[in-house]
Amino acid sequence: MPYRSQFIIIEDNLIDQFVTKKLLKKGLDINPVCIANNGKEGMNWILKNQPQNPLIILLDIQMPIMNGFEFLEEFDKLPEDVKDRTEIFVLSSTLDTDEIKKVRENKYVSDFWNKPFRLEILKNTFLEV
C-alpha cells in the first residue's frame with residue numbers, strides 16, 4: 001500500500017535508525033524513508049525540501065547538536081501550512097517522567113512511543129492514516 005506521506009526519522013543512534021527504517025520499509029512498504037542524525041539536520045531537511053505531501057516525523061529526544069525539544073521549539077517557528085500537514089511521533093528510551101510529560105504536553109506531538117517499539121504500533125497508527 002503506497003503512502004502519500006513522507007517519512008523522516010530524526011535519530012542519532014545508527015542501530016535505531018536501521019531498525020526503524022526496516023520496520024517502515026518491510027512492515028509497511030514505506031519507501032523512501034529519510035534519515036537525519038539530529039534535530040538540526042532534520043530541520044534543515046524540512047526547510048530544504050519544503051514537503052508538499054503530509055510529513056510524518058519520528059523524533060528522538062536525546063541527540064547531540066539539537067535535541068528533540070530544541071527541534072520542537074524550531075518547528076514552532078515554521079509556516080502554519082507546514083505544521084498543519086506534519087505529524088510528529090516521539091520515540092525515546094527515556095524513563096524520566098518529567099521528559100515524558102513535557103513530550104506529551106507538546107501541541108505538535110501526536111504520540112510518544114517507548115523504544116524499542118513493535119511493528120504493531122506502526123501498523124495500528126499508519127494503516128489507519
# chains A, B, ... in the order shown; residues from 1 in each chain; ligands from 1
>>> residues_around(residues="segment 27-40 of chain A", least_positions_apart="6", cutoff="8 Å", atoms="only C-alpha atoms", output="PDB file with all heavy atoms, in the first residue's frame")
ATOM      1  N   MET A   1       0.841  -1.180   0.000  1.00  0.00           N
ATOM      2  CA  MET A   1       0.000   0.000   0.000  1.00  0.00           C
ATOM      3  C   MET A   1       0.886   1.243   0.000  1.00  0.00           C
ATOM      4  O   MET A   1       1.631   1.472   0.937  1.00  0.00           O
ATOM      5  CB  MET A   1      -0.868  -0.044   1.257  1.00  0.00           C
ATOM      6  CG  MET A   1      -1.543   1.238   1.590  1.00  0.00           C
ATOM      7  SD  MET A   1      -2.492   1.000   3.114  1.00  0.00           S
ATOM      8  CE  MET A   1      -2.876   2.661   3.448  1.00  0.00           C
ATOM      9  N   PRO A   2       0.835   2.069  -1.009  1.00  0.00           N
ATOM     10  CA  PRO A   2       1.670   3.263  -1.055  1.00  0.00           C
ATOM     11  C   PRO A   2       1.119   4.361  -0.143  1.00  0.00           C
ATOM     12  O   PRO A   2      -0.086   4.541  -0.035  1.00  0.00           O
ATOM     13  CB  PRO A   2       1.623   3.687  -2.520  1.00  0.00           C
ATOM     14  CG  PRO A   2       0.410   3.052  -3.078  1.00  0.00           C
ATOM     15  CD  PRO A   2       0.099   1.845  -2.236  1.00  0.00           C
ATOM     16  N   TYR A   3       2.018   5.064   0.500  1.00  0.00           N
ATOM     17  CA  TYR A   3       1.646   6.160   1.384  1.00  0.00           C
ATOM     18  C   TYR A   3       1.897   7.469   0.684  1.00  0.00           C
ATOM     19  O   TYR A   3       2.910   7.641   0.024  1.00  0.00           O
ATOM     20  CB  TYR A   3       2.470   6.110   2.678  1.00  0.00           C
ATOM     21  CG  TYR A   3       2.026   5.019   3.601  1.00  0.00           C
ATOM     22  CD1 TYR A   3       2.473   3.718   3.456  1.00  0.00           C
ATOM     23  CD2 TYR A   3       1.131   5.291   4.624  1.00  0.00           C
ATOM     24  CE1 TYR A   3       2.046   2.712   4.293  1.00  0.00           C
ATOM     25  CE2 TYR A   3       0.694   4.289   5.479  1.00  0.00           C
ATOM     26  CZ  TYR A   3       1.156   3.008   5.304  1.00  0.00           C
ATOM     27  OH  TYR A   3       0.732   2.028   6.132  1.00  0.00           O
ATOM     28  N   GLN A   6       5.319  11.622   3.480  1.00  0.00           N
ATOM     29  CA  GLN A   6       6.761  11.447   3.504  1.00  0.00           C
ATOM     30  C   GLN A   6       7.150  11.154   4.942  1.00  0.00           C
ATOM     31  O   GLN A   6       6.543  11.692   5.875  1.00  0.00           O
ATOM     32  CB  GLN A   6       7.465  12.717   3.027  1.00  0.00           C
ATOM     33  CG  GLN A   6       7.254  12.992   1.557  1.00  0.00           C
ATOM     34  CD  GLN A   6       7.969  14.268   1.150  1.00  0.00           C
ATOM     35  OE1 GLN A   6       7.413  15.347   1.252  1.00  0.00           O
ATOM     36  NE2 GLN A   6       9.193  14.129   0.696  1.00  0.00           N
ATOM     37  N   PHE A   7       8.162  10.312   5.112  1.00  0.00           N
ATOM     38  CA  PHE A   7       8.622   9.937   6.445  1.00  0.00           C
ATOM     39  C   PHE A   7      10.067  10.374   6.632  1.00  0.00           C
ATOM     40  O   PHE A   7      10.893  10.181   5.743  1.00  0.00           O
ATOM     41  CB  PHE A   7       8.551   8.420   6.633  1.00  0.00           C
ATOM     42  CG  PHE A   7       7.169   7.902   6.889  1.00  0.00           C
ATOM     43  CD1 PHE A   7       6.241   7.812   5.864  1.00  0.00           C
ATOM     44  CD2 PHE A   7       6.787   7.488   8.155  1.00  0.00           C
ATOM     45  CE1 PHE A   7       4.964   7.337   6.084  1.00  0.00           C
ATOM     46  CE2 PHE A   7       5.516   7.013   8.396  1.00  0.00           C
ATOM     47  CZ  PHE A   7       4.600   6.928   7.355  1.00  0.00           C
ATOM     48  N   ILE A   8      10.356  10.947   7.806  1.00  0.00           N
ATOM     49  CA  ILE A   8      11.727  11.254   8.173  1.00  0.00           C
ATOM     50  C   ILE A   8      11.962  10.781   9.610  1.00  0.00           C
ATOM     51  O   ILE A   8      11.131  11.025  10.493  1.00  0.00           O
ATOM     52  CB  ILE A   8      12.085  12.751   8.006  1.00  0.00           C
ATOM     53  CG1 ILE A   8      13.544  12.994   8.377  1.00  0.00           C
ATOM     54  CG2 ILE A   8      11.142  13.635   8.778  1.00  0.00           C
ATOM     55  CD1 ILE A   8      14.084  14.363   8.011  1.00  0.00           C
ATOM     56  N   ILE A   9      13.058  10.074   9.785  1.00  0.00           N
ATOM     57  CA  ILE A   9      13.486   9.618  11.102  1.00  0.00           C
ATOM     58  C   ILE A   9      14.571  10.585  11.563  1.00  0.00           C
ATOM     59  O   ILE A   9      15.590  10.740  10.892  1.00  0.00           O
ATOM     60  CB  ILE A   9      14.056   8.183  11.040  1.00  0.00           C
ATOM     61  CG1 ILE A   9      13.003   7.203  10.519  1.00  0.00           C
ATOM     62  CG2 ILE A   9      14.589   7.758  12.409  1.00  0.00           C
ATOM     63  CD1 ILE A   9      13.561   5.849  10.125  1.00  0.00           C
ATOM     64  N   ILE A  10      14.357  11.235  12.695  1.00  0.00           N
ATOM     65  CA  ILE A  10      15.359  12.132  13.270  1.00  0.00           C
ATOM     66  C   ILE A  10      15.886  11.437  14.516  1.00  0.00           C
ATOM     67  O   ILE A  10      15.237  11.413  15.564  1.00  0.00           O
ATOM     68  CB  ILE A  10      14.764  13.521  13.590  1.00  0.00           C
ATOM     69  CG1 ILE A  10      14.138  14.129  12.324  1.00  0.00           C
ATOM     70  CG2 ILE A  10      15.839  14.431  14.185  1.00  0.00           C
ATOM     71  CD1 ILE A  10      13.432  15.456  12.549  1.00  0.00           C
ATOM     72  N   GLU A  11      17.046  10.834  14.356  1.00  0.00           N
ATOM     73  CA  GLU A  11      17.588   9.905  15.360  1.00  0.00           C
ATOM     74  C   GLU A  11      19.098   9.838  15.207  1.00  0.00           C
ATOM     75  O   GLU A  11      19.598   9.698  14.088  1.00  0.00           O
ATOM     76  CB  GLU A  11      16.954   8.526  15.117  1.00  0.00           C
ATOM     77  CG  GLU A  11      17.599   7.363  15.791  1.00  0.00           C
ATOM     78  CD  GLU A  11      17.390   7.365  17.287  1.00  0.00           C
ATOM     79  OE1 GLU A  11      16.240   7.249  17.728  1.00  0.00           O
ATOM     80  OE2 GLU A  11      18.398   7.473  18.000  1.00  0.00           O
ATOM     81  N   ASP A  12      19.834   9.909  16.314  1.00  0.00           N
ATOM     82  CA  ASP A  12      21.295   9.867  16.236  1.00  0.00           C
ATOM     83  C   ASP A  12      21.861   8.455  16.344  1.00  0.00           C
ATOM     84  O   ASP A  12      22.972   8.203  15.905  1.00  0.00           O
ATOM     85  CB  ASP A  12      21.931  10.754  17.310  1.00  0.00           C
ATOM     86  CG  ASP A  12      21.645  10.269  18.720  1.00  0.00           C
ATOM     87  OD1 ASP A  12      20.478   9.927  19.010  1.00  0.00           O
ATOM     88  OD2 ASP A  12      22.580  10.244  19.535  1.00  0.00           O
ATOM     89  N   ASN A  13      21.112   7.520  16.888  1.00  0.00           N
ATOM     90  CA  ASN A  13      21.614   6.157  17.082  1.00  0.00           C
ATOM     91  C   ASN A  13      21.462   5.351  15.784  1.00  0.00           C
ATOM     92  O   ASN A  13      20.336   5.155  15.301  1.00  0.00           O
ATOM     93  CB  ASN A  13      20.852   5.489  18.226  1.00  0.00           C
ATOM     94  CG  ASN A  13      21.364   4.112  18.541  1.00  0.00           C
ATOM     95  OD1 ASN A  13      21.224   3.203  17.731  1.00  0.00           O
ATOM     96  ND2 ASN A  13      21.949   3.961  19.710  1.00  0.00           N
ATOM     97  N   GLN A  17      18.136   3.902  13.941  1.00  0.00           N
ATOM     98  CA  GLN A  17      17.822   4.342  12.573  1.00  0.00           C
ATOM     99  C   GLN A  17      17.545   3.138  11.686  1.00  0.00           C
ATOM    100  O   GLN A  17      16.543   3.085  10.970  1.00  0.00           O
ATOM    101  CB  GLN A  17      18.995   5.122  11.964  1.00  0.00           C
ATOM    102  CG  GLN A  17      19.217   6.487  12.476  1.00  0.00           C
ATOM    103  CD  GLN A  17      20.452   7.131  11.851  1.00  0.00           C
ATOM    104  OE1 GLN A  17      21.120   6.552  10.998  1.00  0.00           O
ATOM    105  NE2 GLN A  17      20.749   8.344  12.293  1.00  0.00           N
ATOM    106  N   LYS A  21      13.881   2.189  10.165  1.00  0.00           N
ATOM    107  CA  LYS A  21      13.760   2.236   8.705  1.00  0.00           C
ATOM    108  C   LYS A  21      13.308   0.878   8.154  1.00  0.00           C
ATOM    109  O   LYS A  21      12.433   0.804   7.288  1.00  0.00           O
ATOM    110  CB  LYS A  21      15.094   2.651   8.091  1.00  0.00           C
ATOM    111  CG  LYS A  21      15.031   2.972   6.632  1.00  0.00           C
ATOM    112  CD  LYS A  21      16.339   3.577   6.155  1.00  0.00           C
ATOM    113  CE  LYS A  21      16.239   4.008   4.719  1.00  0.00           C
ATOM    114  NZ  LYS A  21      17.461   4.672   4.249  1.00  0.00           N
ATOM    115  N   MET A  63      19.658  13.759  21.639  1.00  0.00           N
ATOM    116  CA  MET A  63      20.575  13.757  20.498  1.00  0.00           C
ATOM    117  C   MET A  63      21.561  14.901  20.674  1.00  0.00           C
ATOM    118  O   MET A  63      21.235  15.899  21.314  1.00  0.00           O
ATOM    119  CB  MET A  63      19.806  13.987  19.181  1.00  0.00           C
ATOM    120  CG  MET A  63      18.812  12.918  18.821  1.00  0.00           C
ATOM    121  SD  MET A  63      17.917  13.331  17.296  1.00  0.00           S
ATOM    122  CE  MET A  63      16.808  14.619  17.880  1.00  0.00           C
ATOM    123  N   PRO A  64      22.747  14.766  20.075  1.00  0.00           N
ATOM    124  CA  PRO A  64      23.698  15.876  20.110  1.00  0.00           C
ATOM    125  C   PRO A  64      23.288  16.976  19.123  1.00  0.00           C
ATOM    126  O   PRO A  64      22.404  16.773  18.300  1.00  0.00           O
ATOM    127  CB  PRO A  64      25.012  15.218  19.674  1.00  0.00           C
ATOM    128  CG  PRO A  64      24.579  14.091  18.799  1.00  0.00           C
ATOM    129  CD  PRO A  64      23.277  13.594  19.380  1.00  0.00           C
ATOM    130  N   ILE A  65      23.911  18.097  19.211  1.00  0.00           N
ATOM    131  CA  ILE A  65      23.760  19.257  18.334  1.00  0.00           C
ATOM    132  C   ILE A  65      22.406  19.942  18.544  1.00  0.00           C
ATOM    133  O   ILE A  65      22.350  21.085  18.950  1.00  0.00           O
ATOM    134  CB  ILE A  65      24.024  18.939  16.852  1.00  0.00           C
ATOM    135  CG1 ILE A  65      25.438  18.367  16.711  1.00  0.00           C
ATOM    136  CG2 ILE A  65      23.829  20.175  15.979  1.00  0.00           C
ATOM    137  CD1 ILE A  65      25.788  17.849  15.340  1.00  0.00           C
ATOM    138  N   MET A  66      21.303  19.276  18.234  1.00  0.00           N
ATOM    139  CA  MET A  66      19.963  19.801  18.520  1.00  0.00           C
ATOM    140  C   MET A  66      19.094  18.628  18.953  1.00  0.00           C
ATOM    141  O   MET A  66      18.835  17.713  18.170  1.00  0.00           O
ATOM    142  CB  MET A  66      19.348  20.478  17.283  1.00  0.00           C
ATOM    143  CG  MET A  66      17.952  21.038  17.539  1.00  0.00           C
ATOM    144  SD  MET A  66      17.112  21.647  16.050  1.00  0.00           S
ATOM    145  CE  MET A  66      17.943  23.196  15.817  1.00  0.00           C
ATOM    146  N   ASN A  67      18.664  18.649  20.223  1.00  0.00           N
ATOM    147  CA  ASN A  67      17.862  17.528  20.716  1.00  0.00           C
ATOM    148  C   ASN A  67      16.398  17.677  20.279  1.00  0.00           C
ATOM    149  O   ASN A  67      16.026  18.649  19.617  1.00  0.00           O
ATOM    150  CB  ASN A  67      18.008  17.380  22.238  1.00  0.00           C
ATOM    151  CG  ASN A  67      17.375  18.510  23.018  1.00  0.00           C
ATOM    152  OD1 ASN A  67      16.353  19.084  22.650  1.00  0.00           O
ATOM    153  ND2 ASN A  67      17.993  18.846  24.149  1.00  0.00           N
ATOM    154  N   GLY A  68      15.584  16.719  20.656  1.00  0.00           N
ATOM    155  CA  GLY A  68      14.187  16.720  20.231  1.00  0.00           C
ATOM    156  C   GLY A  68      13.399  17.915  20.734  1.00  0.00           C
ATOM    157  O   GLY A  68      12.555  18.458  20.022  1.00  0.00           O
ATOM    158  N   GLU A  70      14.613  20.920  21.453  1.00  0.00           N
ATOM    159  CA  GLU A  70      15.066  22.077  20.678  1.00  0.00           C
ATOM    160  C   GLU A  70      14.472  22.045  19.267  1.00  0.00           C
ATOM    161  O   GLU A  70      14.089  23.083  18.722  1.00  0.00           O
ATOM    162  CB  GLU A  70      16.597  22.107  20.620  1.00  0.00           C
ATOM    163  CG  GLU A  70      17.237  22.356  21.981  1.00  0.00           C
ATOM    164  CD  GLU A  70      18.715  22.034  22.032  1.00  0.00           C
ATOM    165  OE1 GLU A  70      19.178  21.139  21.283  1.00  0.00           O
ATOM    166  OE2 GLU A  70      19.417  22.674  22.833  1.00  0.00           O
ATOM    167  N   PHE A  71      14.382  20.843  18.693  1.00  0.00           N
ATOM    168  CA  PHE A  71      13.747  20.698  17.378  1.00  0.00           C
ATOM    169  C   PHE A  71      12.298  21.183  17.437  1.00  0.00           C
ATOM    170  O   PHE A  71      11.841  21.912  16.558  1.00  0.00           O
ATOM    171  CB  PHE A  71      13.808  19.239  16.907  1.00  0.00           C
ATOM    172  CG  PHE A  71      13.029  19.002  15.639  1.00  0.00           C
ATOM    173  CD1 PHE A  71      13.628  19.212  14.405  1.00  0.00           C
ATOM    174  CD2 PHE A  71      11.702  18.603  15.681  1.00  0.00           C
ATOM    175  CE1 PHE A  71      12.907  19.022  13.227  1.00  0.00           C
ATOM    176  CE2 PHE A  71      10.974  18.404  14.518  1.00  0.00           C
ATOM    177  CZ  PHE A  71      11.583  18.618  13.291  1.00  0.00           C
ATOM    178  N   LEU A 119       6.371  -3.432  15.580  1.00  0.00           N
ATOM    179  CA  LEU A 119       5.726  -3.191  14.295  1.00  0.00           C
ATOM    180  C   LEU A 119       4.225  -2.959  14.456  1.00  0.00           C
ATOM    181  O   LEU A 119       3.642  -2.164  13.739  1.00  0.00           O
ATOM    182  CB  LEU A 119       5.988  -4.374  13.351  1.00  0.00           C
ATOM    183  CG  LEU A 119       5.344  -4.303  11.971  1.00  0.00           C
ATOM    184  CD1 LEU A 119       5.843  -3.077  11.209  1.00  0.00           C
ATOM    185  CD2 LEU A 119       5.651  -5.567  11.187  1.00  0.00           C
ATOM    186  N   LEU A 122       3.304   0.656  14.698  1.00  0.00           N
ATOM    187  CA  LEU A 122       3.313   1.340  13.401  1.00  0.00           C
ATOM    188  C   LEU A 122       2.071   0.979  12.590  1.00  0.00           C
ATOM    189  O   LEU A 122       1.429   1.843  12.008  1.00  0.00           O
ATOM    190  CB  LEU A 122       4.568   0.987  12.615  1.00  0.00           C
ATOM    191  CG  LEU A 122       5.892   1.489  13.181  1.00  0.00           C
ATOM    192  CD1 LEU A 122       7.053   0.954  12.366  1.00  0.00           C
ATOM    193  CD2 LEU A 122       5.930   3.002  13.209  1.00  0.00           C
ATOM    194  N   LYS A 123       1.749  -0.301  12.546  1.00  0.00           N
ATOM    195  CA  LYS A 123       0.585  -0.738  11.774  1.00  0.00           C
ATOM    196  C   LYS A 123      -0.696  -0.116  12.312  1.00  0.00           C
ATOM    197  O   LYS A 123      -1.522   0.383  11.548  1.00  0.00           O
ATOM    198  CB  LYS A 123       0.478  -2.267  11.781  1.00  0.00           C
ATOM    199  CG  LYS A 123       1.475  -2.940  10.875  1.00  0.00           C
ATOM    200  CD  LYS A 123       1.264  -4.437  10.849  1.00  0.00           C
ATOM    201  CE  LYS A 123       2.221  -5.079   9.869  1.00  0.00           C
ATOM    202  NZ  LYS A 123       2.055  -6.537   9.813  1.00  0.00           N
TER     203      LYS A 123
END
>>> select_by_dssp(residues="chain A", states="alpha helix (DSSP H)", output="PyMOL selection string")
chain A and resi 14-22+28+39-49+68-75+80-84+97-105+119-126
>>> select_by_dssp(residues="chain A", states="strand (DSSP E or B)", output="number ranges by chain")
A: 6-10, 33-36, 55-59, 86-92, 109-114
>>> residues_around(residues="segment 108-118 of chain A", least_positions_apart="4", cutoff="6 Å", atoms="only C-alpha atoms", output="list in words")
Ile88, Phe89, Val90, Leu91, Ser92 and Ser93 of chain A
>>> closest_residue(among="A:Pro79, A:Gly42, A:Ile61, A:Ile121", to="Thr20 of chain A", atoms="only C-alpha atoms")
A:Ile121
>>> closest_residue(among="A:Phe18, A:Asn124, A:Lys107, A:Thr94", to="Gln62 of chain A", atoms="only C-alpha atoms")
A:Thr94
>>> residues_around(residues="Gln50 of chain A", least_positions_apart="3", cutoff="12 Å", atoms="only C-alpha atoms", output="MDAnalysis selection string")
chainID A and resid 6 42:47 53:55 78:79 81:83 85:86
>>> write_last_selection(atoms="N, CA, C and O atoms", output="compact mmCIF listing (two decimals), in the first residue's frame")
# COMPACT_ATOMS: atom_id res chain seq x y z
N GLN A 6 5.32 11.62 3.48
CA GLN A 6 6.76 11.45 3.50
C GLN A 6 7.15 11.15 4.94
O GLN A 6 6.54 11.69 5.87
N GLY A 42 17.42 17.46 10.72
CA GLY A 42 16.00 17.29 10.41
C GLY A 42 15.35 18.59 10.00
O GLY A 42 14.60 18.64 9.03
N MET A 43 15.64 19.66 10.74
CA MET A 43 15.07 20.96 10.40
C MET A 43 15.59 21.44 9.05
O MET A 43 14.83 21.95 8.23
N ASN A 44 16.89 21.24 8.80
CA ASN A 44 17.46 21.62 7.51
C ASN A 44 16.80 20.85 6.37
O ASN A 44 16.54 21.40 5.31
N TRP A 45 16.52 19.57 6.59
CA TRP A 45 15.85 18.75 5.57
C TRP A 45 14.47 19.32 5.26
O TRP A 45 14.08 19.46 4.11
N ILE A 46 13.72 19.67 6.31
CA ILE A 46 12.37 20.23 6.12
C ILE A 46 12.45 21.54 5.34
O ILE A 46 11.71 21.76 4.38
N LEU A 47 13.36 22.41 5.73
CA LEU A 47 13.49 23.72 5.07
C LEU A 47 13.93 23.57 3.62
O LEU A 47 13.45 24.29 2.74
N ASN A 53 3.53 17.02 0.46
CA ASN A 53 2.67 15.95 0.97
C ASN A 53 2.70 15.98 2.49
O ASN A 53 3.58 16.60 3.09
N PRO A 54 1.77 15.28 3.12
CA PRO A 54 1.84 15.16 4.57
C PRO A 54 3.21 14.60 4.99
O PRO A 54 3.78 13.75 4.30
N LEU A 55 3.72 15.10 6.10
CA LEU A 55 5.03 14.69 6.61
C LEU A 55 4.85 14.03 7.96
O LEU A 55 4.16 14.56 8.83
N LEU A 78 8.03 27.33 12.11
CA LEU A 78 7.76 27.05 10.70
C LEU A 78 6.41 27.62 10.28
O LEU A 78 5.53 27.85 11.12
N PRO A 79 6.22 27.82 8.97
CA PRO A 79 4.92 28.31 8.49
C PRO A 79 3.78 27.36 8.89
O PRO A 79 3.97 26.14 8.98
N ASP A 81 1.25 26.23 7.30
CA ASP A 81 0.87 25.17 6.36
C ASP A 81 1.78 23.95 6.52
O ASP A 81 1.32 22.82 6.36
N VAL A 82 3.04 24.16 6.85
CA VAL A 82 3.95 23.03 7.09
C VAL A 82 3.55 22.31 8.38
O VAL A 82 3.44 21.08 8.41
N LYS A 83 3.29 23.07 9.42
CA LYS A 83 2.90 22.48 10.70
C LYS A 83 1.57 21.73 10.58
O LYS A 83 1.41 20.67 11.18
N ARG A 85 0.34 20.07 8.09
CA ARG A 85 0.39 18.79 7.39
C ARG A 85 1.49 17.87 7.93
O ARG A 85 1.90 16.92 7.25
N THR A 86 1.95 18.15 9.15
CA THR A 86 3.01 17.35 9.77
C THR A 86 2.50 16.69 11.04
O THR A 86 1.81 17.32 11.84
